[in-house]
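S.K.: I have a structure here, written as structure tokens, and I will follow up with some questions on it.
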Amino acid sequence: MSEGNFATVGVVGAGAWGTALAQMLASDGREVLLWVRESELVAQINEERRNGLFLPSAELHPTIRATGNLADLAQVPVLLMVTPAQHLGAVLSGIGRRGDGDLVLCSKGIEAGTGRLMADVARDAAPGASLAVLSGPTFAHEVAAGLPTAVTLACAGGEAQWRRLSAAIARPTFRPYYSDDVAGAEIGGAVKNVLAIACGVVEGLRLGQNARAALISRGFAEMQRFGLAMGAQAETLSGLSGLGDLVLTCSSTSSRNFSLGKALGEGASAAAILADRATVAEGAFTAPVLAEIARARGVSMPIVEAVTLLLEGKAPAHQVVAQLLARPLRAEALLG
Ligand SMILES: NC(=O)C1=CN([C@@H]2O[C@H](COP(=O)(O)OP(=O)(O)OC[C@H]3O[C@@H](n4cnc5c(N)ncnc54)[C@H](O)[C@@H]3O)[C@@H](O)[C@H]2O)C=CC1
Ligand SMILES: O=C(CO)COP(=O)(O)O
């Protein structure tokens, strides 16, 4: 790096979540190196201590240093990867080989085209890295403001890696819980974004709070069916990165996925809404590829299918909901 390698932790991606994570990590005066894609933001963060594009509410701590040069991150021992899911592979390849350092994956999504989860993308783009997934109920603006939350920190390297990473990442109001279920943590975060779009549609169509709770419940059944088919552990899916984040994201217009769904429910087209946004709604990219994987594996995910239809503009919201309501009655049991 150009001005000396002082940071133990680097954050790659300065959208709302990367910036909030950097702010949380710097809250006790530790140094954080933040890779920022937008050149105008590098200067704004370093000189004005703010990220006016993605997290305007926060006055950033003085120990956050922004860089626009990916190579500066190559030797930092712990890297938090916080790009949108579709860009993880390209950005990680751009950093260059890092040997066996820790890579903590914080993006929530499935790669379109390949169907890969983030850990599979990272294994190819950074062979030899020690992988972990950080996921849970974490609206960026709340974490940046120092409000408390807890996350799943799923470590491919087991408890030893979790202890090492917790020493670098945990703070009094940010509690990483241990798991060894990397795929389970990833699946919860990816699927809940699609279900949040569905809950937003319910809000946009004014279908009521009963409908939303029913949808969360049946959506959770879809998350469990899919997760178990992919080898996830049931307790991960019902934990912070699964049910915890599902409840958060399905209940608030602070969620970009929920607000996308709400606009769809109010009659806007997905193409028009997304063209107007600089921020990412991961569920819009994940829904079609998730539906495809589920179909290929024979996993029933009617809510995910409905969101996919809606995003593709193949049916209006009221019709998609009518189709869901007309499905044959069945046992509530998870499988079968
Ligand atoms: N915002 C939140 O509260 C949370 C977000 N996440 C996840 O974090 C990830 C990043 O989301 P946010 O920080 O919210 O992003 P954001 O929506 O605030 O900002 C968009 C980000 O995309 C980046 N970007 C755009 N085009 C790019 C390209 N071609 N290559 C690389 N980067 C590009 C921008 O530089 C910016 O960092 C997503 O996977 C999201 O699901 C996870 C937990 C909380
Ligand atoms: O993942 C999140 C909170 O945990 C953020 O959700 P949105 O991306 O829908 O805003």
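Residues in the structure tokens are named by chain (A, B, ... in the order shown) and by number from 1 within that chain; ligands are numbered from 1 in the order shown.
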Can I get the residues close to ligand 2 as a PDB file with C-alpha atoms, in the first residue's frame, where close means within 9 Å and we count only C-alpha atoms and all ligand atoms?
M.R.:
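So selection-v5.pdb came out as:
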ATOM      1  CA  TRP A  17     -22.976  -1.717   4.402  1.00  0.00           C
ATOM      2  CA  SER A 107     -22.622  -9.829   0.409  1.00  0.00           C
ATOM      3  CA  LYS A 108     -26.037 -11.492   0.328  1.00  0.00           C
ATOM      4  CA  SER A 135     -24.699 -12.340   7.918  1.00  0.00           C
ATOM      5  CA  GLY A 136     -27.631 -11.327  10.095  1.00  0.00           C
ATOM      6  CA  PRO A 137     -30.148  -8.573  10.870  1.00  0.00           C
ATOM      7  CA  THR A 138     -28.027  -5.498  10.152  1.00  0.00           C
ATOM      8  CA  PHE A 139     -29.518  -2.410   8.578  1.00  0.00           C
ATOM      9  CA  ALA A 140     -26.449  -0.327   7.755  1.00  0.00           C
ATOM     10  CA  GLY A 189     -29.170 -14.063   3.526  1.00  0.00           C
ATOM     11  CA  ALA A 190     -29.760 -14.687  -0.167  1.00  0.00           C
ATOM     12  CA  LYS A 192     -34.585 -13.545   2.630  1.00  0.00           C
ATOM     13  CA  ASN A 193     -33.959 -10.751   0.117  1.00  0.00           C
ATOM     14  CA  VAL A 194     -36.366 -12.373  -2.357  1.00  0.00           C
ATOM     15  CA  ALA A 196     -38.605  -9.273   1.431  1.00  0.00           C
ATOM     16  CA  ILE A 197     -39.629  -8.248  -2.087  1.00  0.00           C
ATOM     17  CA  SER A 241     -28.683 -15.117   9.338  1.00  0.00           C
ATOM     18  CA  GLY A 244     -33.569 -13.193  12.185  1.00  0.00           C
ATOM     19  CA  ASP A 245     -32.743 -11.322   8.986  1.00  0.00           C
ATOM     20  CA  LEU A 246     -35.966 -12.484   7.310  1.00  0.00           C
ATOM     21  CA  LEU A 248     -36.100  -7.644   9.882  1.00  0.00           C
ATOM     22  CA  THR A 249     -36.099  -7.263   6.120  1.00  0.00           C
ATOM     23  CA  CYS A 250     -39.748  -8.256   5.694  1.00  0.00           C
ATOM     24  CA  SER A 252     -39.487  -2.296   7.117  1.00  0.00           C
ATOM     25  CA  THR A 253     -39.267   0.132   4.223  1.00  0.00           C
ATOM     26  CA  SER A 254     -35.647   0.666   5.346  1.00  0.00           C
ATOM     27  CA  SER A 255     -35.036  -2.507   3.316  1.00  0.00           C
ATOM     28  CA  ARG A 256     -34.283  -1.784  -0.349  1.00  0.00           C
ATOM     29  CA  ASN A 257     -35.761  -5.182  -1.241  1.00  0.00           C
ATOM     30  CA  PHE A 258     -38.960  -4.518   0.700  1.00  0.00           C
ATOM     31  CA  SER A 259     -39.312  -1.053  -0.839  1.00  0.00           C
ATOM     32  CA  LEU A 260     -38.752  -2.498  -4.327  1.00  0.00           C
ATOM     33  CA  THR A 279     -28.300   1.274  -4.475  1.00  0.00           C
ATOM     34  CA  VAL A 280     -28.571  -2.475  -4.812  1.00  0.00           C
ATOM     35  CA  ALA A 281     -31.683  -4.625  -4.215  1.00  0.00           C
ATOM     36  CA  GLU A 282     -30.001  -8.042  -4.254  1.00  0.00           C
ATOM     37  CA  GLY A 283     -33.267  -9.985  -4.379  1.00  0.00           C
TER      38      GLY A 283
END
S.K.: Using DSSP on the backbone coordinates, identify the residues of range 121-268 of chain A assigned to strand (DSSP E); present them as a ChimeraX atom specification.
M.R.: /A:130-135,149-155,174-179
S.K.: Include N, CA and C atoms and write out the residues we just selected as an mmCIF file, in the first residue's frame.
M.R.:
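Below is the file result24.cif, written as the result:
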data_model
loop_
_atom_site.group_PDB
_atom_site.id
_atom_site.type_symbol
_atom_site.label_atom_id
_atom_site.label_comp_id
_atom_site.auth_asym_id
_atom_site.auth_seq_id
_atom_site.Cartn_x
_atom_site.Cartn_y
_atom_site.Cartn_z
ATOM 1 N N SER A 130 -8.767 -18.127 3.773
ATOM 2 C CA SER A 130 -9.613 -18.736 4.803
ATOM 3 C C SER A 130 -10.956 -18.010 4.772
ATOM 4 N N LEU A 131 -12.027 -18.750 4.457
ATOM 5 C CA LEU A 131 -13.316 -18.096 4.195
ATOM 6 C C LEU A 131 -14.240 -18.112 5.407
ATOM 7 N N ALA A 132 -14.990 -17.020 5.543
ATOM 8 C CA ALA A 132 -16.041 -16.936 6.553
ATOM 9 C C ALA A 132 -17.181 -16.113 5.960
ATOM 10 N N VAL A 133 -18.374 -16.300 6.523
ATOM 11 C CA VAL A 133 -19.544 -15.533 6.077
ATOM 12 C C VAL A 133 -20.114 -14.793 7.276
ATOM 13 N N LEU A 134 -20.312 -13.486 7.097
ATOM 14 C CA LEU A 134 -20.920 -12.655 8.155
ATOM 15 C C LEU A 134 -22.293 -12.233 7.667
ATOM 16 N N SER A 135 -23.348 -12.619 8.399
ATOM 17 C CA SER A 135 -24.699 -12.340 7.918
ATOM 18 C C SER A 135 -25.680 -12.314 9.088
ATOM 19 N N THR A 149 -26.588 -5.131 17.601
ATOM 20 C CA THR A 149 -27.138 -6.272 16.869
ATOM 21 C C THR A 149 -26.209 -7.471 17.029
ATOM 22 N N ALA A 150 -26.648 -8.603 16.487
ATOM 23 C CA ALA A 150 -25.860 -9.831 16.528
ATOM 24 C C ALA A 150 -25.932 -10.480 15.150
ATOM 25 N N VAL A 151 -24.850 -11.165 14.782
ATOM 26 C CA VAL A 151 -24.778 -11.781 13.456
ATOM 27 C C VAL A 151 -24.262 -13.211 13.580
ATOM 28 N N THR A 152 -24.509 -13.977 12.536
ATOM 29 C CA THR A 152 -23.851 -15.281 12.398
ATOM 30 C C THR A 152 -22.494 -15.030 11.740
ATOM 31 N N LEU A 153 -21.435 -15.585 12.330
ATOM 32 C CA LEU A 153 -20.120 -15.555 11.671
ATOM 33 C C LEU A 153 -19.747 -17.015 11.412
ATOM 34 N N ALA A 154 -20.064 -17.470 10.205
ATOM 35 C CA ALA A 154 -19.857 -18.882 9.868
ATOM 36 C C ALA A 154 -18.463 -19.053 9.291
ATOM 37 N N CYS A 155 -17.679 -19.915 9.906
ATOM 38 C CA CYS A 155 -16.260 -20.022 9.566
ATOM 39 C C CYS A 155 -15.929 -21.391 8.994
ATOM 40 N N PHE A 174 -21.747 -5.198 18.662
ATOM 41 C CA PHE A 174 -21.750 -6.003 17.427
ATOM 42 C C PHE A 174 -21.230 -7.394 17.779
ATOM 43 N N ARG A 175 -22.170 -8.359 17.863
ATOM 44 C CA ARG A 175 -21.862 -9.666 18.452
ATOM 45 C C ARG A 175 -21.900 -10.772 17.397
ATOM 46 N N PRO A 176 -20.737 -11.278 17.000
ATOM 47 C CA PRO A 176 -20.715 -12.386 16.041
ATOM 48 C C PRO A 176 -20.846 -13.746 16.739
ATOM 49 N N TYR A 177 -21.891 -14.491 16.408
ATOM 50 C CA TYR A 177 -22.103 -15.834 16.969
ATOM 51 C C TYR A 177 -21.472 -16.871 16.041
ATOM 52 N N TYR A 178 -20.870 -17.895 16.654
ATOM 53 C CA TYR A 178 -20.142 -18.898 15.876
ATOM 54 C C TYR A 178 -21.069 -19.887 15.178
ATOM 55 N N SER A 179 -20.698 -20.215 13.960
ATOM 56 C CA SER A 179 -21.292 -21.339 13.237
ATOM 57 C C SER A 179 -20.206 -21.908 12.323
#
S.K.: Could you give me, as number ranges by chain, the residues within 12 Å of Leu88 in chain A, counting only C-alpha atoms and dropping anything in the same chain fewer than 5 positions from it?
M.R.: A: 12-13, 80-83, 93-95, 103-112, 116-126
S.K.: Excluding Gly313 in chain A and any residue of its chain fewer than 3 positions from it, enumerate the residues within 8 Å of it, using only C-alpha atoms, and give them as a PyMOL selection string.
M.R.: chain A and resi 269-270+309-310+316
S.K.: Write a file of the selected residues as a JSON list (two decimals), in the first residue's frame, keeping N, CA and C atoms.
M.R.:
[["chain", "number", "residue", "atom", "x", "y", "z"],
["A", 269, "SER", "N", -43.04, -0.79, -12.68],
["A", 269, "SER", "CA", -42.33, -1.94, -13.26],
["A", 269, "SER", "C", -40.94, -2.03, -12.63],
["A", 270, "ALA", "N", -40.43, -3.27, -12.52],
["A", 270, "ALA", "CA", -39.12, -3.48, -11.91],
["A", 270, "ALA", "C", -38.05, -2.71, -12.68],
["A", 309, "LEU", "N", -41.64, -13.99, -11.52],
["A", 309, "LEU", "CA", -42.60, -13.59, -12.57],
["A", 309, "LEU", "C", -42.83, -12.08, -12.58],
["A", 310, "LEU", "N", -42.99, -11.56, -11.37],
["A", 310, "LEU", "CA", -43.27, -10.13, -11.22],
["A", 310, "LEU", "C", -42.08, -9.28, -11.69],
["A", 316, "PRO", "N", -48.99, -8.84, -13.61],
["A", 316, "PRO", "CA", -49.09, -7.76, -12.62],
["A", 316, "PRO", "C", -49.21, -8.34, -11.20]]
S.K.: Just checking: using only C-alpha atoms and all ligand atoms, which residue out of A:Ala156, A:Ala306, A:Leu274, A:Leu237 ends up closest to ligand 1?
M.R.: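 With only C-alpha atoms and all ligand atoms as the atom set, the closest residue is A:Leu274.
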S.K.: Which of these residues is nearest to ligand 1, using only C-alpha atoms and all ligand atoms: A:Gly157, A:Pro56, A:Gly10, A:Pro84?
M.R.: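 Ranking A:Gly157, A:Pro56, A:Gly10, A:Pro84 by distance to ligand 1, first place goes to A:Pro84.
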S.K.: For Ala214 in chain A, list every protein, DNA or RNA residue within 12 Å, evaluated using only C-alpha atoms, and leave out those in the same chain fewer than 2 positions away; present the list as a list in words.
M.R.: Leu195, Ala198, Cys199, Val202, Leu207, Gly208, Gln209, Asn210, Ala211, Arg212, Ile216, Ser217, Arg218, Gly219, Phe220, Ala221, Val247, Cys250, Ile303, Leu325 and Glu332 of chain A
S.K.: List the neighbours of Leu60 in chain A out to 10 Å using only C-alpha atoms; skip same-chain residues closer than 5 positions along the sequence, and give me the result as a PyMOL selection string.
M.R.: chain A and resi 19-20+22-24+26-27+45-46+48-51+55+65+144
S.K.: Next, the residues of the selection above should be written as an mmCIF file, in the first residue's frame with C-alpha atoms.
M.R.:
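New file selection.cif:
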data_model
loop_
_atom_site.group_PDB
_atom_site.id
_atom_site.type_symbol
_atom_site.label_atom_id
_atom_site.label_comp_id
_atom_site.auth_asym_id
_atom_site.auth_seq_id
_atom_site.Cartn_x
_atom_site.Cartn_y
_atom_site.Cartn_z
ATOM 1 C CA THR A 19 -19.161 2.029 5.153
ATOM 2 C CA ALA A 20 -21.237 1.049 8.199
ATOM 3 C CA ALA A 22 -15.884 0.347 8.661
ATOM 4 C CA GLN A 23 -17.541 2.816 11.043
ATOM 5 C CA MET A 24 -18.378 0.035 13.529
ATOM 6 C CA ALA A 26 -13.265 2.064 13.844
ATOM 7 C CA SER A 27 -15.531 2.869 16.796
ATOM 8 C CA ILE A 45 -14.356 10.150 3.006
ATOM 9 C CA ASN A 46 -10.734 11.108 3.722
ATOM 10 C CA GLU A 48 -14.870 15.464 4.874
ATOM 11 C CA ARG A 49 -15.361 12.223 6.881
ATOM 12 C CA ARG A 50 -18.604 11.318 5.122
ATOM 13 C CA ASN A 51 -20.004 9.089 2.388
ATOM 14 C CA LEU A 55 -24.441 6.523 3.967
ATOM 15 C CA ARG A 65 -8.822 5.598 5.565
ATOM 16 C CA ALA A 144 -23.235 2.874 11.774
#
S.K.: Between A:Gln86, A:Gln319, A:Gln75, A:Gln233, which is the closest to ligand 1 once you count only C-alpha atoms and all ligand atoms?
M.R.: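 Under the stated criterion, the closest residue is A:Gln86.
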S.K.: For Glu31 in chain A, work out the shell of residues within 7 Å, counting only C-alpha atoms and skipping chain neighbours fewer than 5 positions away, then give it as a list in words.
M.R.: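 Selected residues are Ala7, Ala26, Thr63 and Ile64 of chain A.
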S.K.: Output C-alpha atoms of each residue in that selection to a file, as a short mmCIF file (atom, residue, chain, number, x, y, z; two decimals), in the first residue's frame.
M.R.:
data_model
loop_
_atom_site.label_atom_id
_atom_site.label_comp_id
_atom_site.auth_asym_id
_atom_site.auth_seq_id
_atom_site.Cartn_x
_atom_site.Cartn_y
_atom_site.Cartn_z
CA ALA A 7 -4.62 -1.72 9.16
CA ALA A 26 -13.27 2.06 13.84
CA THR A 63 -9.21 6.07 11.74
CA ILE A 64 -11.06 5.05 8.57
#
